[in-house]
Each structure stands twice: as structure tokens, then as C-alpha cells.
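**Student:** To start, I am sharing the structure in question, which I have written as C-alpha cells.
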Amino acid sequence: MHLAVAALGSGVPVGSLGYQGKCEGLFRQFDLEDLVLDWREAIQPDRLRSWLAPVVSRREQIAAQIAVRLPAVLELAKMNLRHIPGFPKR
């Protein structure tokens, strides 16, 4: 999860195995829910490979989509910090 946050925040395409709904929520912010594969599905024979191959092939399109969505996602993240004393209100 933390690796996915760092990657997406840096504009880098990443996929994730979902386990508690957190990854799904993160990827929903970028309209990339299909980049999360439930871990129970991932342990099925050949499923992880068949899921990952198309993700890798569309990595440039995914990077472009992240770039478009990232400013709005960062603004939402800043809203979580607005109540901290001394944090810039801009």
C-alpha cells in the first residue's frame, strides 16, 4: 500500500494486490480500480501473470492518467492537514 502511494504520488504506474479495501480506495482516486487485484484471486494459477501483462503494456497510458488526476488528489490530501497548527492554508 505505501509503495503504491509513493509511486502514484510520483506519477509512476503501479499495480497492487487488494486486501482490505484501502488499495481500491486509493486507486479509485485515479480512476484506476482495475490496477488492484484481490489477493485471493492473485493466488490462482496463472492469474497474476494474466492480470499483469496488460497493465505493463498500457503503462504509458496509465502514467498519463495519473498525471491528469494527481493535482486533484494532492489537493484532497492537503485537506487532511489543514487543521494542523502552522500548516499553510493555501
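Residues are referred to by chain and number: the chain letter is A, B, ... according to the order shown in the C-alpha cells, the number counts from 1 in that chain, and ligands are numbered separately from 1 in the order shown.
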Considering only alpha helix (DSSP H) as DSSP defines it on the backbone, what residues of chain A qualify? List them as an MDAnalysis selection string.

**Tutor:** chainID A and resid 2:9 22:28 39:42 47:57 59:79

**Student:** Give the strand (DSSP E or B) residues of chain A, as DSSP finds them on the backbone, and put them as number ranges by chain.

**Tutor:** A: 16-18, 36-38

**Student:** Restricting the calculation to only C-alpha atoms, which member of A:Gln44, A:Ser50, A:Ser16, A:Ser10 is positioned closest to Leu74 in chain A?

**Tutor:** A:Ser10

**Student:** Name the closest residue to Phe30 in chain A among the candidates A:Arg58, A:Ile66, A:Gly9, A:Gly18; distances are taken between atoms, counting only C-alpha atoms.

**Tutor:**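 Result for the nearest residue to Phe30 in chain A: A:Ile66.
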
**Student:** At what distance in Å, to one decimal, does CA of Leu26 in chain A lie from CA of Pro85 in chain A?

**Tutor:**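 Separation of CA of Pro85 in chain A and CA of Leu26 in chain A: 26.4 Å.
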